[in-house]
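Engineer: One structure follows; several queries about it will come next.
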Amino acid sequence: MLQTSAGERRGFTLIELLVVIAIIALLMGILLPALSRVRKQAKSVVCRNNLKQIGYGVNFYAENFDQFIPRGHGSATTIEPWFILFMPYLAQKPIDDDYRSVKIFRCPSYPDKKQTLGYVINGYHNPGHPKYEQSSQRTSKLTEIHRPGEKIYLADNEDGLWRRIITSATDPGLGSNDVFRPTHLPMSEDMSISTGRRVARQRHRSGCNVLYLDWHVSYVDAEDVTKEQWILGK
């Protein structure tokens, strides 16, 4: 209420209220996109920290297994998937020995919150010829990997109707989180279950977060993710 010179009180006029509402709307229009960007940036930071923590776990695992690390799961049923193998070496301990309680295996930006595995693993094997070869049931020795700082071990998992949602360590689709052919990479237009894109194209901005085999983590534009970064040969 406003005080007049004669001591009378009157309410806000309609025009004054509209001006206030317009100012609030203008501020909201400016602030909301900024807040949205901050939230996305915060989630990307959490994702990179997740990958960094996994990298520490892989390194500790390698120290106990003569520098060998697991690769793609493929159709293997006799070996445990990488995320199970690394659990004893992570700072965040699982509840009841269930990997699904380990939050660092999930990217907070993954759209479908039922997804318990937010990252895909390097399943490439360098066979000595130009064609890909899946590294199912294989391991690699860190000391034999050339230029580990340029080689990707884990990357953001793509989302889409063709991508499997992993809800347990016994799901039949675990092999769909192995990356072992060019059509699995971010710039692929293939959207089939078996051969389609597996590395996220636009998880964070216009690319994805990746863990390299020297255990540093970085954001990479989708167009800069190449097959050579996945083949662990010379």
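Ordering of the structure tokens sets the chain letters (A, B, ...); residue numbers start at 1 within each chain; ligands are numbered from 1 in the order shown.
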Just want the 10 Å neighbourhood of range 175-180 of chain A, counted on only C-alpha atoms, with same-chain residues fewer than 2 positions away dropped. Output as a ChimeraX atom specification.

Structural biologist: /A:71-76,81,117-125,132-136,153-155,157-158,163-166,171-173,182-185,193-199,227,230-231

Engineer: How would the residues just picked look written out with C-alpha atoms as a PDB file, in the first residue's frame?

Structural biologist:
```pdb
ATOM      1  CA  ARG A  71      38.726 -55.371 -21.492  1.00  0.00           C
ATOM      2  CA  GLY A  72      35.358 -55.961 -23.172  1.00  0.00           C
ATOM      3  CA  HIS A  73      32.882 -58.397 -21.699  1.00  0.00           C
ATOM      4  CA  GLY A  74      31.488 -59.655 -24.997  1.00  0.00           C
ATOM      5  CA  SER A  75      29.475 -62.855 -24.739  1.00  0.00           C
ATOM      6  CA  ALA A  76      31.699 -64.208 -21.984  1.00  0.00           C
ATOM      7  CA  PRO A  81      32.476 -57.758 -15.894  1.00  0.00           C
ATOM      8  CA  LEU A 117      26.100 -48.490 -16.054  1.00  0.00           C
ATOM      9  CA  GLY A 118      26.858 -45.040 -17.392  1.00  0.00           C
ATOM     10  CA  TYR A 119      30.098 -45.914 -19.150  1.00  0.00           C
ATOM     11  CA  VAL A 120      31.291 -48.154 -21.987  1.00  0.00           C
ATOM     12  CA  ILE A 121      34.636 -49.959 -22.081  1.00  0.00           C
ATOM     13  CA  ASN A 122      37.338 -50.318 -24.689  1.00  0.00           C
ATOM     14  CA  GLY A 123      36.892 -53.728 -26.297  1.00  0.00           C
ATOM     15  CA  TYR A 124      39.161 -53.099 -29.298  1.00  0.00           C
ATOM     16  CA  HIS A 125      42.051 -55.422 -30.015  1.00  0.00           C
ATOM     17  CA  TYR A 132      38.521 -54.407 -36.073  1.00  0.00           C
ATOM     18  CA  GLU A 133      38.601 -57.423 -33.838  1.00  0.00           C
ATOM     19  CA  GLN A 134      36.622 -57.695 -30.638  1.00  0.00           C
ATOM     20  CA  SER A 135      38.649 -58.387 -27.527  1.00  0.00           C
ATOM     21  CA  SER A 136      36.071 -60.615 -25.822  1.00  0.00           C
ATOM     22  CA  TYR A 153      39.624 -47.011 -21.641  1.00  0.00           C
ATOM     23  CA  LEU A 154      36.129 -45.809 -20.629  1.00  0.00           C
ATOM     24  CA  ALA A 155      33.728 -43.271 -22.100  1.00  0.00           C
ATOM     25  CA  ASN A 157      27.530 -44.505 -22.562  1.00  0.00           C
ATOM     26  CA  GLU A 158      25.169 -43.391 -25.352  1.00  0.00           C
ATOM     27  CA  ARG A 163      20.747 -48.858 -26.326  1.00  0.00           C
ATOM     28  CA  ARG A 164      20.300 -51.495 -23.636  1.00  0.00           C
ATOM     29  CA  ILE A 165      19.450 -50.424 -20.107  1.00  0.00           C
ATOM     30  CA  ILE A 166      21.589 -52.461 -17.714  1.00  0.00           C
ATOM     31  CA  ASP A 171      21.753 -58.906 -17.772  1.00  0.00           C
ATOM     32  CA  PRO A 172      22.330 -60.495 -21.202  1.00  0.00           C
ATOM     33  CA  GLY A 173      23.141 -57.105 -22.724  1.00  0.00           C
ATOM     34  CA  PRO A 182      33.966 -47.698 -35.811  1.00  0.00           C
ATOM     35  CA  THR A 183      30.156 -47.704 -35.823  1.00  0.00           C
ATOM     36  CA  HIS A 184      30.242 -47.684 -32.008  1.00  0.00           C
ATOM     37  CA  LEU A 185      31.948 -44.273 -31.968  1.00  0.00           C
ATOM     38  CA  ILE A 193      21.427 -52.746 -31.130  1.00  0.00           C
ATOM     39  CA  SER A 194      24.507 -54.697 -32.223  1.00  0.00           C
ATOM     40  CA  THR A 195      26.458 -52.274 -34.396  1.00  0.00           C
ATOM     41  CA  GLY A 196      25.022 -48.891 -33.419  1.00  0.00           C
ATOM     42  CA  ARG A 197      26.596 -45.948 -31.644  1.00  0.00           C
ATOM     43  CA  ARG A 198      27.719 -46.763 -28.092  1.00  0.00           C
ATOM     44  CA  VAL A 199      29.889 -43.804 -27.133  1.00  0.00           C
ATOM     45  CA  LYS A 227      39.271 -45.335 -33.855  1.00  0.00           C
ATOM     46  CA  TRP A 230      40.723 -47.209 -28.969  1.00  0.00           C
ATOM     47  CA  ILE A 231      43.232 -49.567 -30.590  1.00  0.00           C
TER      48      ILE A 231
END
```

Engineer: Can you write out as JSON lines which residues of range 165-210 of chain A fall within 9 Å of range 93-105 of chain A, alongside each residue's closest atom pair and its distance in Å to one decimal, counting only C-alpha atoms and ordering rows by chain and ascending residue number?

Structural biologist:
```
{"residue": "A:Thr167", "atom": "CA", "partner": "A:Arg100", "partner_atom": "CA", "distance": 8.0}
{"residue": "A:Ser168", "atom": "CA", "partner": "A:Arg100", "partner_atom": "CA", "distance": 7.4}
{"residue": "A:Ala169", "atom": "CA", "partner": "A:Tyr99", "partner_atom": "CA", "distance": 7.9}
```

Engineer: Write a file of the just-selected residues containing N, CA and C atoms, as a PDB file, in the first residue's frame.

Structural biologist:
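Writing done, so here's selection-v8.pdb:
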```pdb
ATOM      1  N   THR A 167      20.411 -53.264 -15.760  1.00  0.00           N
ATOM      2  CA  THR A 167      19.846 -53.148 -14.415  1.00  0.00           C
ATOM      3  C   THR A 167      20.477 -54.113 -13.427  1.00  0.00           C
ATOM      4  N   SER A 168      21.295 -55.062 -13.919  1.00  0.00           N
ATOM      5  CA  SER A 168      21.974 -55.986 -13.016  1.00  0.00           C
ATOM      6  C   SER A 168      23.195 -56.571 -13.708  1.00  0.00           C
ATOM      7  N   ALA A 169      24.073 -57.177 -12.918  1.00  0.00           N
ATOM      8  CA  ALA A 169      25.312 -57.734 -13.458  1.00  0.00           C
ATOM      9  C   ALA A 169      25.090 -59.027 -14.229  1.00  0.00           C
TER      10      ALA A 169
END
```

Engineer: Which one is closest to Leu51 in chain A: A:Met28, A:Leu14, A:Cys107, A:Met87? Count only C-alpha atoms.

Structural biologist: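 For Leu51 in chain A, the nearest of the given residues is A:Cys107.
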
Engineer: Among range 20-229 of chain A, which ones does DSSP assign to helix (DSSP H, G or I) (computed from the backbone)? Answer as a ChimeraX atom specification.

Structural biologist: /A:20-64,82-85,87-89,99-101,103-105,142-144,148-150,174-177,182-184,222-224,227-229

Engineer: CA of Tyr212 in chain A to CA of Phe60 in chain A: how many Å, to one decimal?

Structural biologist: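 Atom-to-atom, CA of Tyr212 in chain A to CA of Phe60 in chain A, that is 15.3 Å.
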